Amino acid sequence: MRRPVLNRRLEVQAPVRVADGAGGYATSFEVLGEVWAAVRPGTGRDAETAGLTLAQVPLRITVRGAPVGSPQRPVAGQRLCEGARVFRVLAVTEADPAGAYLTCFAREEEVPA
């Protein structure tokens with residue numbers, strides 16, 4: 001495996017439930033830390049739903065390996081943010097046998113203004 005070029009700084013954010021004052025909750029995100037990453041597009045695909053064609057390009061985000069439970073190790077359900085861009089983490093796996101790097105499979109999301 002070639003060493004990836006980790007040239008983008010991303011925030012690791014975890015979802016947190018916050019009371020909405022009406023007996024329910026809203027989901028907010030808490031910053032856990034920052035990681036340096038390499039972001040690469042995966043293979044795009046499109047799907048037709050209700051007469052609309054929706055295109056998706058999954059992303060592969062490579063970060064340095066970290067021990068399980070570390071705030072520097074993303075997990076599924078968290079998100080990685082770069083400015084206004086938000087990447088939802090779908091799955092995480094070791095990129096190499098030694099665990100020096102992790103691959104996060106992610107999807108970019110639109111964030112309401």
# chains A, B, ... in the order shown; residues from 1 in each chain; ligands from 1
$ closest_atom_pairs --of "segment 2-80 of chain A" --to "segment 94-98 of chain A" --cutoff "12 Å" --atoms "only C-alpha atoms" --output "JSON lines"
{"residue": "A:Arg2", "atom": "CA", "partner": "A:Asp96", "partner_atom": "CA", "distance": 9.9}
{"residue": "A:Arg3", "atom": "CA", "partner": "A:Asp96", "partner_atom": "CA", "distance": 10.2}
{"residue": "A:Pro4", "atom": "CA", "partner": "A:Ala95", "partner_atom": "CA", "distance": 10.3}
{"residue": "A:Arg60", "atom": "CA", "partner": "A:Ala95", "partner_atom": "CA", "distance": 10.5}
{"residue": "A:Ile61", "atom": "CA", "partner": "A:Ala95", "partner_atom": "CA", "distance": 10.3}
{"residue": "A:Thr62", "atom": "CA", "partner": "A:Ala95", "partner_atom": "CA", "distance": 7.8}
{"residue": "A:Val63", "atom": "CA", "partner": "A:Ala95", "partner_atom": "CA", "distance": 9.1}
{"residue": "A:Arg64", "atom": "CA", "partner": "A:Ala95", "partner_atom": "CA", "distance": 9.5}
{"residue": "A:Gly65", "atom": "CA", "partner": "A:Glu94", "partner_atom": "CA", "distance": 7.5}
{"residue": "A:Ala66", "atom": "CA", "partner": "A:Glu94", "partner_atom": "CA", "distance": 9.9}
{"residue": "A:Pro67", "atom": "CA", "partner": "A:Glu94", "partner_atom": "CA", "distance": 11.1}
{"residue": "A:Val68", "atom": "CA", "partner": "A:Glu94", "partner_atom": "CA", "distance": 11.2}
{"residue": "A:Arg73", "atom": "CA", "partner": "A:Glu94", "partner_atom": "CA", "distance": 10.7}
{"residue": "A:Pro74", "atom": "CA", "partner": "A:Glu94", "partner_atom": "CA", "distance": 11.4}
{"residue": "A:Val75", "atom": "CA", "partner": "A:Glu94", "partner_atom": "CA", "distance": 11.8}
$ select_by_dssp --residues "segment 8-81 of chain A" --states "strand (DSSP E)" --output "PyMOL selection string"
chain A and resi 8-19+25-41+45-49+52-56+59-64+79-81
$ atom_distance --atom1 "atom CA of Val5 of chain A" --atom2 "atom CA of Ala38 of chain A"
5.9 Å
$ residues_around --residues "Glu82 of chain A" --least-positions-apart "6" --cutoff "9 Å" --atoms "only C-alpha atoms" --output "number ranges by chain"
A: 8-11
$ residues_around --residues "Cys81 of chain A" --least-positions-apart "5" --cutoff "10 Å" --atoms "only C-alpha atoms" --output "list of chain:residue names"
A:Arg9, A:Leu10, A:Glu11, A:Val12, A:Gln13, A:Val31, A:Glu34, A:Val86, A:Phe87, A:Arg88, A:Glu108
$ write_last_selection --atoms "N, CA and C atoms" --output "short mmCIF file (atom, residue, chain, number, x, y, z; two decimals), in the first residue's frame"
data_model
loop_
_atom_site.label_atom_id
_atom_site.label_comp_id
_atom_site.auth_asym_id
_atom_site.auth_seq_id
_atom_site.Cartn_x
_atom_site.Cartn_y
_atom_site.Cartn_z
N ARG A 9 -7.72 18.91 6.39
CA ARG A 9 -8.05 18.84 7.81
C ARG A 9 -9.57 18.79 7.97
N LEU A 10 -10.06 17.73 8.61
CA LEU A 10 -11.49 17.52 8.80
C LEU A 10 -11.81 17.45 10.29
N GLU A 11 -12.97 18.00 10.67
CA GLU A 11 -13.45 17.86 12.04
C GLU A 11 -14.21 16.55 12.17
N VAL A 12 -14.01 15.85 13.26
CA VAL A 12 -14.79 14.65 13.57
C VAL A 12 -15.92 15.11 14.49
N GLN A 13 -17.17 14.84 14.09
CA GLN A 13 -18.32 15.26 14.87
C GLN A 13 -19.21 14.06 15.16
N VAL A 31 -18.18 18.49 18.36
CA VAL A 31 -16.86 18.29 17.77
C VAL A 31 -16.00 17.45 18.72
N GLU A 34 -9.96 16.81 15.42
CA GLU A 34 -9.62 17.00 14.01
C GLU A 34 -8.71 15.88 13.55
N VAL A 86 -20.06 18.53 4.49
CA VAL A 86 -20.32 17.53 5.52
C VAL A 86 -20.32 16.15 4.88
N PHE A 87 -19.53 15.24 5.44
CA PHE A 87 -19.42 13.87 4.95
C PHE A 87 -19.94 12.93 6.03
N ARG A 88 -21.04 12.23 5.77
CA ARG A 88 -21.62 11.28 6.71
C ARG A 88 -20.84 9.97 6.62
N GLU A 108 -21.40 12.60 0.90
CA GLU A 108 -21.53 14.03 1.18
C GLU A 108 -23.00 14.37 1.33
#
